[in-house]
Amino acid sequence: TFVVTDNCIKCKYTDCVEVCPVDAFHEGPNFLTIDPDECIDCTLCEPECPANAIYPEDDVPAGQEGFVALNAELAKDWPVITERKDAPADAKDWDGKPDKLGLLER
Ligand code: SF4
Ligand code: F3S
């Protein structure tokens with residue numbers, strides 16, 4: 001499966017959701033996750049993310065391994081998103097800031 005990682009938090013560009021053929025993306029207040037039970041590893045979403053936040057499960061950046069389980073957990077609670085929407089006004093300010101996990105809203 002593919003996994004959404006730390007840099008999506010507070011950026012949430014949503015370009016990723018439009019290309020997913022199986023509607024695997026789920027939306028929370030300031031982060032998106034991929035449902036591992038839906039993802040078919042098509043790879044289409046990875047290059048769409050302007051924040052480079054999407055990785056294959058086996059290739060998430062060091063220290064971000066916890067996002068694998070977090071995607072699975074939050075995808076169960078959050079609704080599916082299939083259409084792109086405007087990013088937060090301050091998305092660019094947060095792009096590239098490290099360790100945003102503490103800012104994740106559930
Ligand atoms: Fe969807 Fe493909 Fe990305 Fe998996 S890899 S979340 S199937 S676009
Ligand atoms: Fe997040 Fe990137 Fe999608 S910032 S919402 S994973 S396009």
# chains A, B, ... in the order shown; residues from 1 in each chain; ligands from 1
>>> residues_around(residues="Leu104 (chain A)", least_positions_apart="5", cutoff="12 Å", atoms="only C-alpha atoms", output="number ranges by chain")
A: 5-12, 28-33, 67, 70, 74, 99
>>> write_last_selection(atoms="C-alpha atoms", output="mmCIF file, in the first residue's frame")
data_model
loop_
_atom_site.group_PDB
_atom_site.id
_atom_site.type_symbol
_atom_site.label_atom_id
_atom_site.label_comp_id
_atom_site.auth_asym_id
_atom_site.auth_seq_id
_atom_site.Cartn_x
_atom_site.Cartn_y
_atom_site.Cartn_z
ATOM 1 C CA THR A 5 3.245 10.941 5.699
ATOM 2 C CA ASP A 6 4.074 13.920 7.913
ATOM 3 C CA ASN A 7 4.424 16.650 5.307
ATOM 4 C CA CYS A 8 0.758 16.385 4.301
ATOM 5 C CA ILE A 9 -0.269 17.716 7.715
ATOM 6 C CA LYS A 10 -1.500 21.328 7.347
ATOM 7 C CA CYS A 11 -0.628 21.293 3.608
ATOM 8 C CA LYS A 12 -3.407 18.987 2.392
ATOM 9 C CA GLY A 28 -9.577 14.525 8.100
ATOM 10 C CA PRO A 29 -9.455 18.158 9.246
ATOM 11 C CA ASN A 30 -5.843 18.816 8.197
ATOM 12 C CA PHE A 31 -4.503 15.525 6.790
ATOM 13 C CA LEU A 32 -5.424 12.776 4.358
ATOM 14 C CA THR A 33 -4.868 9.048 4.688
ATOM 15 C CA PHE A 67 2.356 6.658 9.589
ATOM 16 C CA LEU A 70 -1.865 5.723 11.371
ATOM 17 C CA LEU A 74 -7.679 7.035 10.549
ATOM 18 C CA ASP A 99 7.571 16.816 12.709
#
>>> residues_near_ligand(ligand="ligand 2", cutoff="6 Å", atoms="only C-alpha atoms and all ligand atoms", output="number ranges by chain")
A: 4, 8, 11-16, 32, 49-51, 53-54
>>> closest_residue(among="A:Cys45, A:Val68, A:Val17, A:Leu103", to="Val3 (chain A)", atoms="only C-alpha atoms")
A:Val68
>>> closest_residue(among="A:His26, A:Lys97, A:Lys76, A:Lys92", to="ligand 1", atoms="only C-alpha atoms and all ligand atoms")
A:His26
>>> select_by_dssp(residues="chain A", states="helix (DSSP H, G or I)", output="PyMOL selection string")
chain A and resi 6-8+15-19+46-48+57-59+66-77+91-94+101-103
>>> closest_atom_pairs(of="chain A", to="ligand 1", cutoff="10 Å", atoms="only C-alpha atoms and all ligand atoms", output="Markdown table")
| residue | atom | partner | partner_atom_place_in_ligand_line | distance |
| --- | --- | --- | --- | --- |
| A:Thr1 | CA | ligand 1 | 4 (Fe) | 6.0 |
| A:Phe2 | CA | ligand 1 | 5 (S) | 5.3 |
| A:Val3 | CA | ligand 1 | 6 (S) | 7.5 |
| A:Val4 | CA | ligand 1 | 6 (S) | 8.8 |
| A:Cys16 | CA | ligand 1 | 8 (S) | 7.0 |
| A:Val17 | CA | ligand 1 | 8 (S) | 7.2 |
| A:Glu18 | CA | ligand 1 | 8 (S) | 8.2 |
| A:Val19 | CA | ligand 1 | 8 (S) | 5.6 |
| A:Cys20 | CA | ligand 1 | 8 (S) | 3.5 |
| A:Pro21 | CA | ligand 1 | 1 (Fe) | 5.9 |
| A:Val22 | CA | ligand 1 | 7 (S) | 5.7 |
| A:Asp23 | CA | ligand 1 | 1 (Fe) | 6.4 |
| A:Ala24 | CA | ligand 1 | 6 (S) | 5.2 |
| A:Phe25 | CA | ligand 1 | 6 (S) | 6.3 |
| A:His26 | CA | ligand 1 | 6 (S) | 9.8 |
| A:Thr33 | CA | ligand 1 | 6 (S) | 8.6 |
| A:Ile34 | CA | ligand 1 | 6 (S) | 5.5 |
| A:Asp35 | CA | ligand 1 | 6 (S) | 7.4 |
| A:Pro36 | CA | ligand 1 | 4 (Fe) | 7.8 |
| A:Asp37 | CA | ligand 1 | 4 (Fe) | 9.6 |
| A:Glu38 | CA | ligand 1 | 7 (S) | 6.8 |
| A:Cys39 | CA | ligand 1 | 4 (Fe) | 3.7 |
| A:Ile40 | CA | ligand 1 | 7 (S) | 4.3 |
| A:Asp41 | CA | ligand 1 | 5 (S) | 4.0 |
| A:Cys42 | CA | ligand 1 | 2 (Fe) | 3.9 |
| A:Thr43 | CA | ligand 1 | 5 (S) | 4.0 |
| A:Leu44 | CA | ligand 1 | 8 (S) | 4.6 |
| A:Cys45 | CA | ligand 1 | 8 (S) | 4.2 |
| A:Glu46 | CA | ligand 1 | 3 (Fe) | 6.4 |
| A:Pro47 | CA | ligand 1 | 3 (Fe) | 9.5 |
| A:Glu48 | CA | ligand 1 | 8 (S) | 9.1 |
| A:Ile54 | CA | ligand 1 | 3 (Fe) | 8.1 |
| A:Tyr55 | CA | ligand 1 | 5 (S) | 8.8 |
| A:Pro56 | CA | ligand 1 | 5 (S) | 7.8 |
>>> select_by_dssp(residues="region 34-99 of chain A", states="strand (DSSP E)", output="PyMOL selection string")
chain A and resi 34+54-56
>>> write_last_selection(atoms="all heavy atoms", output="mmCIF file, in the first residue's frame")
data_model
loop_
_atom_site.group_PDB
_atom_site.id
_atom_site.type_symbol
_atom_site.label_atom_id
_atom_site.label_comp_id
_atom_site.auth_asym_id
_atom_site.auth_seq_id
_atom_site.Cartn_x
_atom_site.Cartn_y
_atom_site.Cartn_z
ATOM 1 N N ILE A 34 -4.577 7.089 3.342
ATOM 2 C CA ILE A 34 -4.911 6.074 2.345
ATOM 3 C C ILE A 34 -5.364 4.808 3.076
ATOM 4 O O ILE A 34 -4.698 4.346 4.006
ATOM 5 C CB ILE A 34 -3.691 5.761 1.454
ATOM 6 C CG1 ILE A 34 -3.343 6.970 0.591
ATOM 7 C CG2 ILE A 34 -3.938 4.521 0.597
ATOM 8 C CD1 ILE A 34 -1.994 6.879 -0.109
ATOM 9 N N ILE A 54 3.681 11.350 -0.136
ATOM 10 C CA ILE A 54 3.183 9.988 -0.355
ATOM 11 C C ILE A 54 4.324 9.040 -0.711
ATOM 12 O O ILE A 54 5.140 9.341 -1.592
ATOM 13 C CB ILE A 54 2.124 9.973 -1.479
ATOM 14 C CG1 ILE A 54 0.976 10.922 -1.135
ATOM 15 C CG2 ILE A 54 1.601 8.553 -1.691
ATOM 16 C CD1 ILE A 54 -0.074 11.041 -2.234
ATOM 17 N N TYR A 55 4.373 7.911 -0.009
ATOM 18 C CA TYR A 55 5.444 6.928 -0.200
ATOM 19 C C TYR A 55 4.862 5.524 -0.214
ATOM 20 O O TYR A 55 3.845 5.263 0.432
ATOM 21 C CB TYR A 55 6.450 6.988 0.963
ATOM 22 C CG TYR A 55 7.278 8.237 0.995
ATOM 23 C CD1 TYR A 55 6.796 9.383 1.613
ATOM 24 C CD2 TYR A 55 8.540 8.278 0.403
ATOM 25 C CE1 TYR A 55 7.551 10.551 1.643
ATOM 26 C CE2 TYR A 55 9.299 9.431 0.433
ATOM 27 C CZ TYR A 55 8.799 10.564 1.054
ATOM 28 O OH TYR A 55 9.544 11.705 1.077
ATOM 29 N N PRO A 56 5.572 4.596 -0.881
ATOM 30 C CA PRO A 56 5.223 3.189 -0.706
ATOM 31 C C PRO A 56 5.478 2.787 0.744
ATOM 32 O O PRO A 56 6.412 3.309 1.369
ATOM 33 C CB PRO A 56 6.180 2.443 -1.643
ATOM 34 C CG PRO A 56 6.801 3.479 -2.514
ATOM 35 C CD PRO A 56 6.714 4.774 -1.786
#
>>> decode(residues="region 71-87 of chain A", atoms="all heavy atoms", output="PDB file, in the first residue's frame")
ATOM      1  N   ASN A  71      -2.295   5.672   8.956  1.00  0.00           N
ATOM      2  CA  ASN A  71      -3.156   5.731   7.773  1.00  0.00           C
ATOM      3  C   ASN A  71      -4.293   4.725   7.893  1.00  0.00           C
ATOM      4  O   ASN A  71      -5.453   5.042   7.651  1.00  0.00           O
ATOM      5  CB  ASN A  71      -2.345   5.471   6.497  1.00  0.00           C
ATOM      6  CG  ASN A  71      -1.717   6.718   5.899  1.00  0.00           C
ATOM      7  OD1 ASN A  71      -2.033   7.130   4.788  1.00  0.00           O
ATOM      8  ND2 ASN A  71      -0.816   7.340   6.630  1.00  0.00           N
ATOM      9  N   ALA A  72      -3.949   3.498   8.270  1.00  0.00           N
ATOM     10  CA  ALA A  72      -4.961   2.443   8.370  1.00  0.00           C
ATOM     11  C   ALA A  72      -6.012   2.791   9.421  1.00  0.00           C
ATOM     12  O   ALA A  72      -7.219   2.624   9.205  1.00  0.00           O
ATOM     13  CB  ALA A  72      -4.287   1.123   8.712  1.00  0.00           C
ATOM     14  N   GLU A  73      -5.539   3.301  10.557  1.00  0.00           N
ATOM     15  CA  GLU A  73      -6.449   3.617  11.667  1.00  0.00           C
ATOM     16  C   GLU A  73      -7.399   4.763  11.312  1.00  0.00           C
ATOM     17  O   GLU A  73      -8.620   4.658  11.486  1.00  0.00           O
ATOM     18  CB  GLU A  73      -5.595   3.998  12.891  1.00  0.00           C
ATOM     19  CG  GLU A  73      -6.398   4.411  14.117  1.00  0.00           C
ATOM     20  CD  GLU A  73      -5.535   5.171  15.128  1.00  0.00           C
ATOM     21  OE1 GLU A  73      -4.297   4.947  15.154  1.00  0.00           O
ATOM     22  OE2 GLU A  73      -6.096   5.991  15.872  1.00  0.00           O
ATOM     23  N   LEU A  74      -6.856   5.859  10.810  1.00  0.00           N
ATOM     24  CA  LEU A  74      -7.679   7.035  10.549  1.00  0.00           C
ATOM     25  C   LEU A  74      -8.588   6.845   9.337  1.00  0.00           C
ATOM     26  O   LEU A  74      -9.671   7.426   9.281  1.00  0.00           O
ATOM     27  CB  LEU A  74      -6.787   8.266  10.371  1.00  0.00           C
ATOM     28  CG  LEU A  74      -6.002   8.677  11.622  1.00  0.00           C
ATOM     29  CD1 LEU A  74      -5.062   9.830  11.305  1.00  0.00           C
ATOM     30  CD2 LEU A  74      -6.942   9.050  12.763  1.00  0.00           C
ATOM     31  N   ALA A  75      -8.164   6.039   8.372  1.00  0.00           N
ATOM     32  CA  ALA A  75      -9.013   5.793   7.197  1.00  0.00           C
ATOM     33  C   ALA A  75     -10.328   5.145   7.596  1.00  0.00           C
ATOM     34  O   ALA A  75     -11.351   5.327   6.932  1.00  0.00           O
ATOM     35  CB  ALA A  75      -8.270   4.912   6.182  1.00  0.00           C
ATOM     36  N   LYS A  76     -10.326   4.410   8.686  1.00  0.00           N
ATOM     37  CA  LYS A  76     -11.562   3.771   9.176  1.00  0.00           C
ATOM     38  C   LYS A  76     -12.567   4.803   9.686  1.00  0.00           C
ATOM     39  O   LYS A  76     -13.773   4.593   9.629  1.00  0.00           O
ATOM     40  CB  LYS A  76     -11.243   2.802  10.311  1.00  0.00           C
ATOM     41  CG  LYS A  76     -10.570   1.511   9.875  1.00  0.00           C
ATOM     42  CD  LYS A  76     -10.577   0.545  11.061  1.00  0.00           C
ATOM     43  CE  LYS A  76      -9.895  -0.772  10.823  1.00  0.00           C
ATOM     44  NZ  LYS A  76      -8.904  -0.878   9.803  1.00  0.00           N
ATOM     45  N   ASP A  77     -12.053   5.916  10.238  1.00  0.00           N
ATOM     46  CA  ASP A  77     -12.927   6.916  10.861  1.00  0.00           C
ATOM     47  C   ASP A  77     -13.333   8.039   9.909  1.00  0.00           C
ATOM     48  O   ASP A  77     -14.363   8.678  10.112  1.00  0.00           O
ATOM     49  CB  ASP A  77     -12.203   7.566  12.051  1.00  0.00           C
ATOM     50  CG  ASP A  77     -11.897   6.579  13.152  1.00  0.00           C
ATOM     51  OD1 ASP A  77     -12.584   5.552  13.232  1.00  0.00           O
ATOM     52  OD2 ASP A  77     -10.965   6.840  13.935  1.00  0.00           O
ATOM     53  N   TRP A  78     -12.497   8.315   8.935  1.00  0.00           N
ATOM     54  CA  TRP A  78     -12.702   9.506   8.100  1.00  0.00           C
ATOM     55  C   TRP A  78     -13.417   9.169   6.801  1.00  0.00           C
ATOM     56  O   TRP A  78     -13.252   8.076   6.255  1.00  0.00           O
ATOM     57  CB  TRP A  78     -11.344  10.144   7.802  1.00  0.00           C
ATOM     58  CG  TRP A  78     -10.708  10.821   8.982  1.00  0.00           C
ATOM     59  CD1 TRP A  78     -11.271  11.083  10.200  1.00  0.00           C
ATOM     60  CD2 TRP A  78      -9.360  11.313   9.043  1.00  0.00           C
ATOM     61  NE1 TRP A  78     -10.355  11.728  11.009  1.00  0.00           N
ATOM     62  CE2 TRP A  78      -9.191  11.885  10.336  1.00  0.00           C
ATOM     63  CE3 TRP A  78      -8.299  11.351   8.140  1.00  0.00           C
ATOM     64  CZ2 TRP A  78      -7.995  12.476  10.736  1.00  0.00           C
ATOM     65  CZ3 TRP A  78      -7.112  11.932   8.535  1.00  0.00           C
ATOM     66  CH2 TRP A  78      -6.955  12.500   9.819  1.00  0.00           C
ATOM     67  N   PRO A  79     -14.178  10.139   6.242  1.00  0.00           N
ATOM     68  CA  PRO A  79     -14.905   9.907   4.987  1.00  0.00           C
ATOM     69  C   PRO A  79     -13.983   9.895   3.768  1.00  0.00           C
ATOM     70  O   PRO A  79     -12.907  10.499   3.783  1.00  0.00           O
ATOM     71  CB  PRO A  79     -15.872  11.087   4.912  1.00  0.00           C
ATOM     72  CG  PRO A  79     -15.219  12.165   5.700  1.00  0.00           C
ATOM     73  CD  PRO A  79     -14.467  11.472   6.812  1.00  0.00           C
ATOM     74  N   VAL A  80     -14.434   9.220   2.721  1.00  0.00           N
ATOM     75  CA  VAL A  80     -13.707   9.182   1.449  1.00  0.00           C
ATOM     76  C   VAL A  80     -13.724  10.564   0.806  1.00  0.00           C
ATOM     77  O   VAL A  80     -14.723  11.286   0.877  1.00  0.00           O
ATOM     78  CB  VAL A  80     -14.355   8.146   0.500  1.00  0.00           C
ATOM     79  CG1 VAL A  80     -13.785   8.265  -0.908  1.00  0.00           C
ATOM     80  CG2 VAL A  80     -14.147   6.736   1.038  1.00  0.00           C
ATOM     81  N   ILE A  81     -12.605  10.937   0.189  1.00  0.00           N
ATOM     82  CA  ILE A  81     -12.550  12.171  -0.603  1.00  0.00           C
ATOM     83  C   ILE A  81     -12.070  11.821  -2.011  1.00  0.00           C
ATOM     84  O   ILE A  81     -11.075  11.109  -2.174  1.00  0.00           O
ATOM     85  CB  ILE A  81     -11.643  13.243   0.058  1.00  0.00           C
ATOM     86  CG1 ILE A  81     -11.482  14.448  -0.875  1.00  0.00           C
ATOM     87  CG2 ILE A  81     -10.292  12.678   0.492  1.00  0.00           C
ATOM     88  CD1 ILE A  81     -10.754  15.641  -0.246  1.00  0.00           C
ATOM     89  N   THR A  82     -12.808  12.300  -3.029  1.00  0.00           N
ATOM     90  CA  THR A  82     -12.462  11.971  -4.416  1.00  0.00           C
ATOM     91  C   THR A  82     -12.285  13.211  -5.280  1.00  0.00           C
ATOM     92  O   THR A  82     -11.847  13.105  -6.423  1.00  0.00           O
ATOM     93  CB  THR A  82     -13.559  11.101  -5.067  1.00  0.00           C
ATOM     94  OG1 THR A  82     -14.799  11.791  -5.004  1.00  0.00           O
ATOM     95  CG2 THR A  82     -13.675   9.754  -4.354  1.00  0.00           C
ATOM     96  N   GLU A  83     -12.657  14.380  -4.759  1.00  0.00           N
ATOM     97  CA  GLU A  83     -12.504  15.598  -5.553  1.00  0.00           C
ATOM     98  C   GLU A  83     -11.569  16.571  -4.875  1.00  0.00           C
ATOM     99  O   GLU A  83     -11.648  16.807  -3.671  1.00  0.00           O
ATOM    100  CB  GLU A  83     -13.873  16.255  -5.767  1.00  0.00           C
ATOM    101  CG  GLU A  83     -14.720  15.482  -6.741  1.00  0.00           C
ATOM    102  CD  GLU A  83     -16.048  16.163  -7.022  1.00  0.00           C
ATOM    103  OE1 GLU A  83     -16.181  17.369  -6.756  1.00  0.00           O
ATOM    104  OE2 GLU A  83     -16.958  15.467  -7.497  1.00  0.00           O
ATOM    105  N   ARG A  84     -10.691  17.145  -5.680  1.00  0.00           N
ATOM    106  CA  ARG A  84      -9.720  18.117  -5.205  1.00  0.00           C
ATOM    107  C   ARG A  84     -10.458  19.330  -4.627  1.00  0.00           C
ATOM    108  O   ARG A  84     -11.525  19.711  -5.104  1.00  0.00           O
ATOM    109  CB  ARG A  84      -8.858  18.552  -6.392  1.00  0.00           C
ATOM    110  CG  ARG A  84      -7.661  19.350  -6.014  1.00  0.00           C
ATOM    111  CD  ARG A  84      -6.843  19.695  -7.276  1.00  0.00           C
ATOM    112  NE  ARG A  84      -5.737  20.552  -6.919  1.00  0.00           N
ATOM    113  CZ  ARG A  84      -5.868  21.842  -6.623  1.00  0.00           C
ATOM    114  NH1 ARG A  84      -7.054  22.429  -6.700  1.00  0.00           N
ATOM    115  NH2 ARG A  84      -4.808  22.546  -6.264  1.00  0.00           N
ATOM    116  N   LYS A  85      -9.882  19.907  -3.589  1.00  0.00           N
ATOM    117  CA  LYS A  85     -10.421  21.151  -3.056  1.00  0.00           C
ATOM    118  C   LYS A  85      -9.263  22.102  -2.779  1.00  0.00           C
ATOM    119  O   LYS A  85      -8.101  21.691  -2.813  1.00  0.00           O
ATOM    120  CB  LYS A  85     -11.249  20.899  -1.798  1.00  0.00           C
ATOM    121  CG  LYS A  85     -10.502  20.174  -0.695  1.00  0.00           C
ATOM    122  CD  LYS A  85     -11.275  20.189   0.611  1.00  0.00           C
ATOM    123  CE  LYS A  85     -12.513  19.310   0.567  1.00  0.00           C
ATOM    124  NZ  LYS A  85     -13.134  19.190   1.925  1.00  0.00           N
ATOM    125  N   ASP A  86      -9.581  23.372  -2.495  1.00  0.00           N
ATOM    126  CA  ASP A  86      -8.521  24.337  -2.227  1.00  0.00           C
ATOM    127  C   ASP A  86      -7.734  23.938  -0.976  1.00  0.00           C
ATOM    128  O   ASP A  86      -8.312  23.536   0.025  1.00  0.00           O
ATOM    129  CB  ASP A  86      -9.112  25.736  -2.021  1.00  0.00           C
ATOM    130  CG  ASP A  86      -9.627  26.322  -3.333  1.00  0.00           C
ATOM    131  OD1 ASP A  86      -9.194  25.839  -4.398  1.00  0.00           O
ATOM    132  OD2 ASP A  86     -10.449  27.244  -3.278  1.00  0.00           O
ATOM    133  N   ALA A  87      -6.432  24.086  -1.058  1.00  0.00           N
ATOM    134  CA  ALA A  87      -5.577  23.832   0.098  1.00  0.00           C
ATOM    135  C   ALA A  87      -5.777  24.945   1.125  1.00  0.00           C
ATOM    136  O   ALA A  87      -6.282  26.024   0.794  1.00  0.00           O
ATOM    137  CB  ALA A  87      -4.117  23.781  -0.342  1.00  0.00           C
TER     138      ALA A  87
END
